[in-house]
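Below you'll find the structure, written out as structure tokens, and then a few comments.
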Amino acid sequence: MKYVSLILFSFVLTSCALLETSEPLPLYTLQSGSFERTNFLTESMAIDTPLSEASLNTNRIALTPSPYQREYFADASWPDRLPDIFQEALLEGLSQRWGGIYVNRVKTGLQTKYVLHTEIQDFSVHNMNTAILKVRFKLVDLRERKVIASHIIEEKIPLCAITLEGIITAFNKGTHVLLEDAIAWMETDVFKKK
């Protein structure tokens with residue numbers, strides 16, 4: 001009888017725990033910002049899912065309090081893993097600039113001349129005053145089977161307010177500036193040499 005009572009008590013505790021629902025965290029989006037349309041790109045380009053270290057390969061919004069430490073904001077998150085939402089921002093920005101028929105994701109299986117590989121090396125708030133975005137861009141010519149250019153771009157955006165809204169604003173501004181620099185690099189230094 002004692003054993004049966006213990007099982008019933010455990011069941012009631014488990015049921016109560018299941019009924020408790022934690023409030024979902026607010027989700028923040030990452031956007032590329034707007035870009036002026038040009039007819040510069042005339043060959044198709046596929047955007048691969050970015051690589052990142054494990055501490056950035058998450059939906060948590062990262063904080064770097066010291067060079068060898070990574071933490072996360074407790075009260076908010078991205079809607080998906082950072083590499084996935086950064087890929088969406090790349091697709092959005094580059095499609096606006098060069099046209100959606102030329103810019104696709106790798107997984108579509110379409111024939112393409114170029115593949116843009118990226119590696120997110122930093123995407124976090126440092127010292128609670130600056131959002132730092134550091135990304136390696138590598139452009140591969142699939143037809144020639146070689147890397148034709150590689151470049152690291154780093155942006156440091158001061159926070160206008162030490163709030164989650166201020167932090168997300170800085171990340172969105174940083175993403176736009178990062179893409180502006182990546183587009184300028186590709187249009188000026190890479191494609192014009194081809």
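Residue numbering restarts at 1 in every chain; chains get A, B, ... in the order shown in the structure tokens, and ligands count up from 1 in that same order.
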Residues near A:Ala89, anyone? I mean within 9 Å using only C-alpha atoms, not counting same-chain ones fewer than 5 positions away, as a JSON list (two decimals) with C-alpha atoms, in the first residue's frame.
```
[["chain", "number", "residue", "atom", "x", "y", "z"],
["A", 30, "LEU", "CA", 17.67, 39.78, -38.21],
["A", 31, "GLN", "CA", 17.21, 41.76, -41.40],
["A", 32, "SER", "CA", 19.52, 42.87, -44.17],
["A", 33, "GLY", "CA", 18.06, 46.34, -44.68],
["A", 84, "ASP", "CA", 20.14, 30.01, -40.52],
["A", 94, "LEU", "CA", 21.90, 39.95, -52.18],
["A", 175, "THR", "CA", 24.34, 43.15, -40.74],
["A", 176, "HIS", "CA", 23.43, 45.88, -43.25],
["A", 179, "LEU", "CA", 26.54, 43.23, -46.46]]
```
Hey, could you make a per-residue contact list for stretch 12-129 of chain A against stretch 151-162 of chain A with 10 Å as the cut-off, showing the nearest pair of atoms and its distance in Å to one decimal, counting only C-alpha atoms, sorted by chain and number, as a tab-separated table?
```
residue	atom	partner	partner_atom	distance
A:Thr118	CA	A:Ile152	CA	9.4
A:Glu119	CA	A:Ile152	CA	9.1
A:Ile120	CA	A:Ile152	CA	9.8
A:Gln121	CA	A:Glu154	CA	9.2
A:Asp122	CA	A:Glu154	CA	8.6
A:Phe123	CA	A:Glu155	CA	9.6
A:Val125	CA	A:Leu159	CA	8.8
A:His126	CA	A:Lys156	CA	9.5
A:Met128	CA	A:Ile162	CA	7.0
A:Asn129	CA	A:Leu159	CA	5.3
```
Legend entry - Two-atom distance - atom CA of A:Met186, atom CA of A:Leu139 (Å):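 The value is 8.8 Å.
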Inset, instruction - Please provide as a PyMOL selection string all residues within 10 Å of stretch 54-65 of chain A, with the sequence filter that same-chain residues fewer than 2 positions apart are discarded (counting only C-alpha atoms). - result: chain A and resi 27-28+50-52+67-85+120-128+131-132+164+167-168
Keeping C-alpha atoms for every residue in the selection just given, could you write it to a file as a PDB file, in the first residue's frame?
```
ATOM      1  CA  LEU A  27      11.944  36.425 -30.565  1.00  0.00           C
ATOM      2  CA  TYR A  28      13.976  39.011 -32.451  1.00  0.00           C
ATOM      3  CA  PRO A  50      27.087  29.672 -42.858  1.00  0.00           C
ATOM      4  CA  LEU A  51      29.499  27.819 -40.609  1.00  0.00           C
ATOM      5  CA  SER A  52      30.128  28.923 -37.033  1.00  0.00           C
ATOM      6  CA  PRO A  67      37.911  37.238 -24.789  1.00  0.00           C
ATOM      7  CA  TYR A  68      37.626  33.616 -23.614  1.00  0.00           C
ATOM      8  CA  GLN A  69      34.073  33.611 -22.300  1.00  0.00           C
ATOM      9  CA  ARG A  70      30.697  33.321 -24.033  1.00  0.00           C
ATOM     10  CA  GLU A  71      27.341  33.887 -22.333  1.00  0.00           C
ATOM     11  CA  TYR A  72      23.792  34.483 -23.569  1.00  0.00           C
ATOM     12  CA  PHE A  73      21.012  36.937 -22.886  1.00  0.00           C
ATOM     13  CA  ALA A  74      18.406  35.203 -20.735  1.00  0.00           C
ATOM     14  CA  ASP A  75      15.337  37.140 -21.859  1.00  0.00           C
ATOM     15  CA  ALA A  76      15.387  36.791 -25.649  1.00  0.00           C
ATOM     16  CA  SER A  77      16.427  34.639 -28.594  1.00  0.00           C
ATOM     17  CA  TRP A  78      16.583  34.496 -32.368  1.00  0.00           C
ATOM     18  CA  PRO A  79      13.709  32.624 -34.088  1.00  0.00           C
ATOM     19  CA  ASP A  80      16.186  29.990 -35.367  1.00  0.00           C
ATOM     20  CA  ARG A  81      19.891  29.137 -35.134  1.00  0.00           C
ATOM     21  CA  LEU A  82      22.117  32.133 -35.919  1.00  0.00           C
ATOM     22  CA  PRO A  83      23.636  30.562 -39.109  1.00  0.00           C
ATOM     23  CA  ASP A  84      20.143  30.011 -40.516  1.00  0.00           C
ATOM     24  CA  ILE A  85      18.882  33.533 -39.833  1.00  0.00           C
ATOM     25  CA  ILE A 120      30.521  33.534 -38.669  1.00  0.00           C
ATOM     26  CA  GLN A 121      33.516  34.171 -36.421  1.00  0.00           C
ATOM     27  CA  ASP A 122      31.812  36.599 -34.049  1.00  0.00           C
ATOM     28  CA  PHE A 123      28.258  37.817 -33.645  1.00  0.00           C
ATOM     29  CA  SER A 124      27.998  38.981 -30.055  1.00  0.00           C
ATOM     30  CA  VAL A 125      27.856  41.941 -27.697  1.00  0.00           C
ATOM     31  CA  HIS A 126      31.231  42.862 -26.176  1.00  0.00           C
ATOM     32  CA  ASN A 127      31.592  44.773 -22.890  1.00  0.00           C
ATOM     33  CA  MET A 128      27.856  45.597 -22.957  1.00  0.00           C
ATOM     34  CA  ALA A 131      27.927  44.594 -31.150  1.00  0.00           C
ATOM     35  CA  ILE A 132      30.732  42.900 -33.073  1.00  0.00           C
ATOM     36  CA  LEU A 164      17.444  44.178 -25.950  1.00  0.00           C
ATOM     37  CA  ILE A 167      21.131  45.350 -29.050  1.00  0.00           C
ATOM     38  CA  ILE A 168      18.956  43.986 -31.882  1.00  0.00           C
TER      39      ILE A 168
END
```
Inset, instruction - Select, from A:Glu53, A:Glu36, A:Asp181, A:Glu165, the residue with the minimum atom-to-atom distance to A:Ser95, counting only C-alpha atoms. - result: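 Checking each of A:Glu53, A:Glu36, A:Asp181, A:Glu165 against A:Ser95, counting only C-alpha atoms, the winner is A:Glu36.
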Legend entry - All residues 8 Å or closer to A:Glu43, only C-alpha atoms, same chain fewer than 3 positions away omitted, as number ranges by chain: A: 102, 112-114
Write a file of the selected residues as an mmCIF file, in the first residue's frame, keeping N, CA and C atoms.
```
data_model
loop_
_atom_site.group_PDB
_atom_site.id
_atom_site.type_symbol
_atom_site.label_atom_id
_atom_site.label_comp_id
_atom_site.auth_asym_id
_atom_site.auth_seq_id
_atom_site.Cartn_x
_atom_site.Cartn_y
_atom_site.Cartn_z
ATOM 1 N N TYR A 102 19.118 35.424 -59.760
ATOM 2 C CA TYR A 102 20.544 35.096 -59.729
ATOM 3 C C TYR A 102 21.014 34.582 -58.368
ATOM 4 N N THR A 112 24.462 26.395 -60.873
ATOM 5 C CA THR A 112 24.986 27.693 -60.463
ATOM 6 C C THR A 112 26.463 27.794 -60.799
ATOM 7 N N LYS A 113 26.917 29.001 -61.053
ATOM 8 C CA LYS A 113 28.347 29.208 -61.324
ATOM 9 C C LYS A 113 29.118 29.423 -60.029
ATOM 10 N N TYR A 114 28.562 30.249 -59.138
ATOM 11 C CA TYR A 114 29.274 30.605 -57.908
ATOM 12 C C TYR A 114 28.556 30.061 -56.671
#
```
Legend entry - Every residue of stretch 61-108 of chain A that DSSP places in helix (DSSP H, G or I), as a PyMOL selection string: chain A and resi 82-98+106-108
Could you give me, as a tab-separated table (two decimals) with N, CA and C atoms, in the first residue's frame, the residues within 8 Å of A:Asn39, counting only C-alpha atoms and dropping anything in the same chain fewer than 3 positions from it?
```tsv
chain	number	residue	atom	x	y	z
A	42	THR	N	25.52	38.65	-63.51
A	42	THR	CA	24.87	38.02	-64.67
A	42	THR	C	24.99	36.50	-64.64
A	98	TRP	N	21.11	42.10	-56.56
A	98	TRP	CA	21.41	41.50	-57.86
A	98	TRP	C	20.23	40.80	-58.52
A	99	GLY	N	19.11	40.72	-57.83
A	99	GLY	CA	17.93	40.09	-58.40
A	99	GLY	C	17.76	38.66	-57.95
```
Inset, instruction - Find the residues around A:Val190 up to 12 Å (only C-alpha atoms counted), leave out those fewer than 6 positions away in its own chain, and share them as a list in words. - result: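 Near A:Val190, the qualifying residues are Phe40, Leu41, Tyr114, Phe137, Lys138, Leu139, Val140, Asp141, Val147, Ile148, Ala149, Ser150, His151, Ala182, Ile183 and Ala184 of chain A.
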For the structure I just gave you, how does DSSP split stretch 67-169 of chain A - specifically, which residues are strand (DSSP E or B)? Reply as a PDB file with N, CA and C atoms, in the first residue's frame.
```pdb
ATOM      1  N   GLN A  69      35.324  33.962 -22.974  1.00  0.00           N
ATOM      2  CA  GLN A  69      34.073  33.611 -22.300  1.00  0.00           C
ATOM      3  C   GLN A  69      32.888  33.959 -23.189  1.00  0.00           C
ATOM      4  N   ARG A  70      31.901  33.074 -23.253  1.00  0.00           N
ATOM      5  CA  ARG A  70      30.697  33.321 -24.033  1.00  0.00           C
ATOM      6  C   ARG A  70      29.498  33.066 -23.141  1.00  0.00           C
ATOM      7  N   GLU A  71      28.591  34.021 -23.082  1.00  0.00           N
ATOM      8  CA  GLU A  71      27.341  33.887 -22.333  1.00  0.00           C
ATOM      9  C   GLU A  71      26.199  34.259 -23.269  1.00  0.00           C
ATOM     10  N   TYR A  72      24.963  34.197 -22.738  1.00  0.00           N
ATOM     11  CA  TYR A  72      23.792  34.483 -23.569  1.00  0.00           C
ATOM     12  C   TYR A  72      22.804  35.336 -22.789  1.00  0.00           C
ATOM     13  N   PHE A  73      22.069  36.156 -23.521  1.00  0.00           N
ATOM     14  CA  PHE A  73      21.012  36.937 -22.886  1.00  0.00           C
ATOM     15  C   PHE A  73      19.881  35.999 -22.498  1.00  0.00           C
ATOM     16  N   ALA A  74      19.403  36.138 -21.268  1.00  0.00           N
ATOM     17  CA  ALA A  74      18.406  35.203 -20.735  1.00  0.00           C
ATOM     18  C   ALA A  74      16.997  35.502 -21.225  1.00  0.00           C
ATOM     19  N   ASP A  75      16.726  36.733 -21.620  1.00  0.00           N
ATOM     20  CA  ASP A  75      15.337  37.140 -21.859  1.00  0.00           C
ATOM     21  C   ASP A  75      14.930  37.227 -23.325  1.00  0.00           C
ATOM     22  N   ALA A  76      15.742  36.686 -24.230  1.00  0.00           N
ATOM     23  CA  ALA A  76      15.387  36.791 -25.649  1.00  0.00           C
ATOM     24  C   ALA A  76      16.172  35.776 -26.457  1.00  0.00           C
ATOM     25  N   SER A  77      15.697  35.535 -27.693  1.00  0.00           N
ATOM     26  CA  SER A  77      16.427  34.639 -28.594  1.00  0.00           C
ATOM     27  C   SER A  77      16.091  34.986 -30.038  1.00  0.00           C
ATOM     28  N   VAL A 103      20.231  34.818 -57.325  1.00  0.00           N
ATOM     29  CA  VAL A 103      20.666  34.471 -55.967  1.00  0.00           C
ATOM     30  C   VAL A 103      19.722  33.430 -55.377  1.00  0.00           C
ATOM     31  N   ASN A 104      20.273  32.275 -55.020  1.00  0.00           N
ATOM     32  CA  ASN A 104      19.481  31.171 -54.460  1.00  0.00           C
ATOM     33  C   ASN A 104      20.243  30.534 -53.310  1.00  0.00           C
ATOM     34  N   ARG A 105      19.601  29.576 -52.655  1.00  0.00           N
ATOM     35  CA  ARG A 105      20.333  28.800 -51.652  1.00  0.00           C
ATOM     36  C   ARG A 105      20.892  27.536 -52.286  1.00  0.00           C
ATOM     37  N   TYR A 114      28.562  30.249 -59.138  1.00  0.00           N
ATOM     38  CA  TYR A 114      29.274  30.605 -57.908  1.00  0.00           C
ATOM     39  C   TYR A 114      28.556  30.061 -56.671  1.00  0.00           C
ATOM     40  N   VAL A 115      29.351  29.762 -55.651  1.00  0.00           N
ATOM     41  CA  VAL A 115      28.801  29.451 -54.333  1.00  0.00           C
ATOM     42  C   VAL A 115      29.488  30.379 -53.338  1.00  0.00           C
ATOM     43  N   LEU A 116      28.686  31.046 -52.518  1.00  0.00           N
ATOM     44  CA  LEU A 116      29.225  31.910 -51.476  1.00  0.00           C
ATOM     45  C   LEU A 116      29.179  31.154 -50.154  1.00  0.00           C
ATOM     46  N   HIS A 117      30.374  30.851 -49.633  1.00  0.00           N
ATOM     47  CA  HIS A 117      30.498  30.219 -48.318  1.00  0.00           C
ATOM     48  C   HIS A 117      30.818  31.318 -47.309  1.00  0.00           C
ATOM     49  N   THR A 118      30.213  31.225 -46.131  1.00  0.00           N
ATOM     50  CA  THR A 118      30.524  32.180 -45.075  1.00  0.00           C
ATOM     51  C   THR A 118      30.788  31.436 -43.776  1.00  0.00           C
ATOM     52  N   GLU A 119      31.585  32.068 -42.937  1.00  0.00           N
ATOM     53  CA  GLU A 119      31.867  31.533 -41.599  1.00  0.00           C
ATOM     54  C   GLU A 119      31.704  32.669 -40.602  1.00  0.00           C
ATOM     55  N   ILE A 120      30.750  32.513 -39.700  1.00  0.00           N
ATOM     56  CA  ILE A 120      30.521  33.534 -38.669  1.00  0.00           C
ATOM     57  C   ILE A 120      31.557  33.322 -37.574  1.00  0.00           C
ATOM     58  N   GLN A 121      32.466  34.283 -37.432  1.00  0.00           N
ATOM     59  CA  GLN A 121      33.516  34.171 -36.421  1.00  0.00           C
ATOM     60  C   GLN A 121      33.156  34.898 -35.132  1.00  0.00           C
ATOM     61  N   ASP A 122      32.326  35.911 -35.244  1.00  0.00           N
ATOM     62  CA  ASP A 122      31.812  36.599 -34.049  1.00  0.00           C
ATOM     63  C   ASP A 122      30.476  37.228 -34.410  1.00  0.00           C
ATOM     64  N   PHE A 123      29.569  37.195 -33.475  1.00  0.00           N
ATOM     65  CA  PHE A 123      28.258  37.817 -33.645  1.00  0.00           C
ATOM     66  C   PHE A 123      27.709  37.979 -32.237  1.00  0.00           C
ATOM     67  N   SER A 124      28.343  38.878 -31.475  1.00  0.00           N
ATOM     68  CA  SER A 124      27.998  38.981 -30.055  1.00  0.00           C
ATOM     69  C   SER A 124      28.209  40.401 -29.544  1.00  0.00           C
ATOM     70  N   VAL A 125      27.697  40.645 -28.353  1.00  0.00           N
ATOM     71  CA  VAL A 125      27.856  41.941 -27.697  1.00  0.00           C
ATOM     72  C   VAL A 125      29.086  41.865 -26.798  1.00  0.00           C
ATOM     73  N   HIS A 126      30.017  42.798 -26.984  1.00  0.00           N
ATOM     74  CA  HIS A 126      31.231  42.862 -26.176  1.00  0.00           C
ATOM     75  C   HIS A 126      31.130  44.018 -25.185  1.00  0.00           C
ATOM     76  N   THR A 130      29.152  47.281 -27.343  1.00  0.00           N
ATOM     77  CA  THR A 130      29.422  47.171 -28.779  1.00  0.00           C
ATOM     78  C   THR A 130      28.976  45.818 -29.317  1.00  0.00           C
ATOM     79  N   ALA A 131      28.248  45.836 -30.440  1.00  0.00           N
ATOM     80  CA  ALA A 131      27.927  44.594 -31.150  1.00  0.00           C
ATOM     81  C   ALA A 131      29.021  44.376 -32.185  1.00  0.00           C
ATOM     82  N   ILE A 132      29.659  43.215 -32.134  1.00  0.00           N
ATOM     83  CA  ILE A 132      30.732  42.900 -33.073  1.00  0.00           C
ATOM     84  C   ILE A 132      30.291  41.762 -33.981  1.00  0.00           C
ATOM     85  N   LEU A 133      30.374  42.011 -35.284  1.00  0.00           N
ATOM     86  CA  LEU A 133      30.048  41.010 -36.298  1.00  0.00           C
ATOM     87  C   LEU A 133      31.307  40.777 -37.122  1.00  0.00           C
ATOM     88  N   LYS A 134      31.767  39.551 -37.175  1.00  0.00           N
ATOM     89  CA  LYS A 134      32.970  39.214 -37.940  1.00  0.00           C
ATOM     90  C   LYS A 134      32.674  37.970 -38.760  1.00  0.00           C
ATOM     91  N   VAL A 135      32.772  38.103 -40.078  1.00  0.00           N
ATOM     92  CA  VAL A 135      32.386  37.013 -40.980  1.00  0.00           C
ATOM     93  C   VAL A 135      33.446  36.856 -42.072  1.00  0.00           C
ATOM     94  N   ARG A 136      33.819  35.601 -42.342  1.00  0.00           N
ATOM     95  CA  ARG A 136      34.698  35.301 -43.489  1.00  0.00           C
ATOM     96  C   ARG A 136      33.805  34.958 -44.678  1.00  0.00           C
ATOM     97  N   PHE A 137      34.048  35.631 -45.804  1.00  0.00           N
ATOM     98  CA  PHE A 137      33.342  35.367 -47.059  1.00  0.00           C
ATOM     99  C   PHE A 137      34.311  34.657 -48.002  1.00  0.00           C
ATOM    100  N   LYS A 138      33.849  33.572 -48.603  1.00  0.00           N
ATOM    101  CA  LYS A 138      34.676  32.827 -49.549  1.00  0.00           C
ATOM    102  C   LYS A 138      33.836  32.517 -50.777  1.00  0.00           C
ATOM    103  N   LEU A 139      34.313  32.962 -51.930  1.00  0.00           N
ATOM    104  CA  LEU A 139      33.573  32.760 -53.172  1.00  0.00           C
ATOM    105  C   LEU A 139      34.235  31.651 -53.980  1.00  0.00           C
ATOM    106  N   VAL A 140      33.436  30.646 -54.350  1.00  0.00           N
ATOM    107  CA  VAL A 140      33.931  29.480 -55.089  1.00  0.00           C
ATOM    108  C   VAL A 140      33.320  29.488 -56.484  1.00  0.00           C
ATOM    109  N   ASP A 141      34.166  29.283 -57.492  1.00  0.00           N
ATOM    110  CA  ASP A 141      33.696  29.093 -58.860  1.00  0.00           C
ATOM    111  C   ASP A 141      33.514  27.589 -59.059  1.00  0.00           C
ATOM    112  N   LYS A 146      37.356  26.012 -58.028  1.00  0.00           N
ATOM    113  CA  LYS A 146      38.395  26.655 -57.225  1.00  0.00           C
ATOM    114  C   LYS A 146      37.818  27.851 -56.461  1.00  0.00           C
ATOM    115  N   VAL A 147      38.499  28.163 -55.353  1.00  0.00           N
ATOM    116  CA  VAL A 147      38.172  29.369 -54.588  1.00  0.00           C
ATOM    117  C   VAL A 147      38.768  30.546 -55.346  1.00  0.00           C
ATOM    118  N   ILE A 148      37.924  31.519 -55.678  1.00  0.00           N
ATOM    119  CA  ILE A 148      38.441  32.664 -56.438  1.00  0.00           C
ATOM    120  C   ILE A 148      38.702  33.885 -55.565  1.00  0.00           C
ATOM    121  N   ALA A 149      38.125  33.917 -54.349  1.00  0.00           N
ATOM    122  CA  ALA A 149      38.387  35.053 -53.460  1.00  0.00           C
ATOM    123  C   ALA A 149      37.934  34.712 -52.044  1.00  0.00           C
ATOM    124  N   SER A 150      38.633  35.311 -51.078  1.00  0.00           N
ATOM    125  CA  SER A 150      38.281  35.128 -49.665  1.00  0.00           C
ATOM    126  C   SER A 150      38.568  36.438 -48.940  1.00  0.00           C
ATOM    127  N   HIS A 151      37.690  36.796 -48.017  1.00  0.00           N
ATOM    128  CA  HIS A 151      37.829  38.100 -47.354  1.00  0.00           C
ATOM    129  C   HIS A 151      37.123  38.047 -45.997  1.00  0.00           C
ATOM    130  N   ILE A 152      37.744  38.630 -44.974  1.00  0.00           N
ATOM    131  CA  ILE A 152      37.115  38.727 -43.653  1.00  0.00           C
ATOM    132  C   ILE A 152      36.637  40.159 -43.461  1.00  0.00           C
ATOM    133  N   ILE A 153      35.394  40.291 -43.055  1.00  0.00           N
ATOM    134  CA  ILE A 153      34.814  41.615 -42.785  1.00  0.00           C
ATOM    135  C   ILE A 153      34.382  41.656 -41.329  1.00  0.00           C
ATOM    136  N   GLU A 154      34.762  42.715 -40.641  1.00  0.00           N
ATOM    137  CA  GLU A 154      34.385  42.891 -39.236  1.00  0.00           C
ATOM    138  C   GLU A 154      33.743  44.260 -39.059  1.00  0.00           C
ATOM    139  N   GLU A 155      32.633  44.278 -38.385  1.00  0.00           N
ATOM    140  CA  GLU A 155      31.933  45.532 -38.082  1.00  0.00           C
ATOM    141  C   GLU A 155      31.759  45.657 -36.570  1.00  0.00           C
ATOM    142  N   LYS A 156      31.998  46.854 -36.051  1.00  0.00           N
ATOM    143  CA  LYS A 156      31.803  47.136 -34.630  1.00  0.00           C
ATOM    144  C   LYS A 156      30.769  48.255 -34.528  1.00  0.00           C
ATOM    145  N   ILE A 157      29.610  47.917 -33.975  1.00  0.00           N
ATOM    146  CA  ILE A 157      28.503  48.872 -33.905  1.00  0.00           C
ATOM    147  C   ILE A 157      28.235  49.219 -32.438  1.00  0.00           C
ATOM    148  N   PRO A 158      28.466  50.484 -32.044  1.00  0.00           N
ATOM    149  CA  PRO A 158      28.170  50.872 -30.655  1.00  0.00           C
ATOM    150  C   PRO A 158      26.671  50.748 -30.365  1.00  0.00           C
TER     151      PRO A 158
END
```
Legend entry - Gap from atom CA of A:Met45 to atom CA of A:Thr169 - Å, one decimal: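 Result for atom CA of A:Met45 versus atom CA of A:Thr169: 28.6 Å, one decimal.
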Inset, instruction - Calculate how many Å separate atom CA of A:Phe171 from atom CA of A:Glu88, rounding to one decimal. - result: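 If I compute the distance from atom CA of A:Phe171 to atom CA of A:Glu88, I get 14.3 Å.
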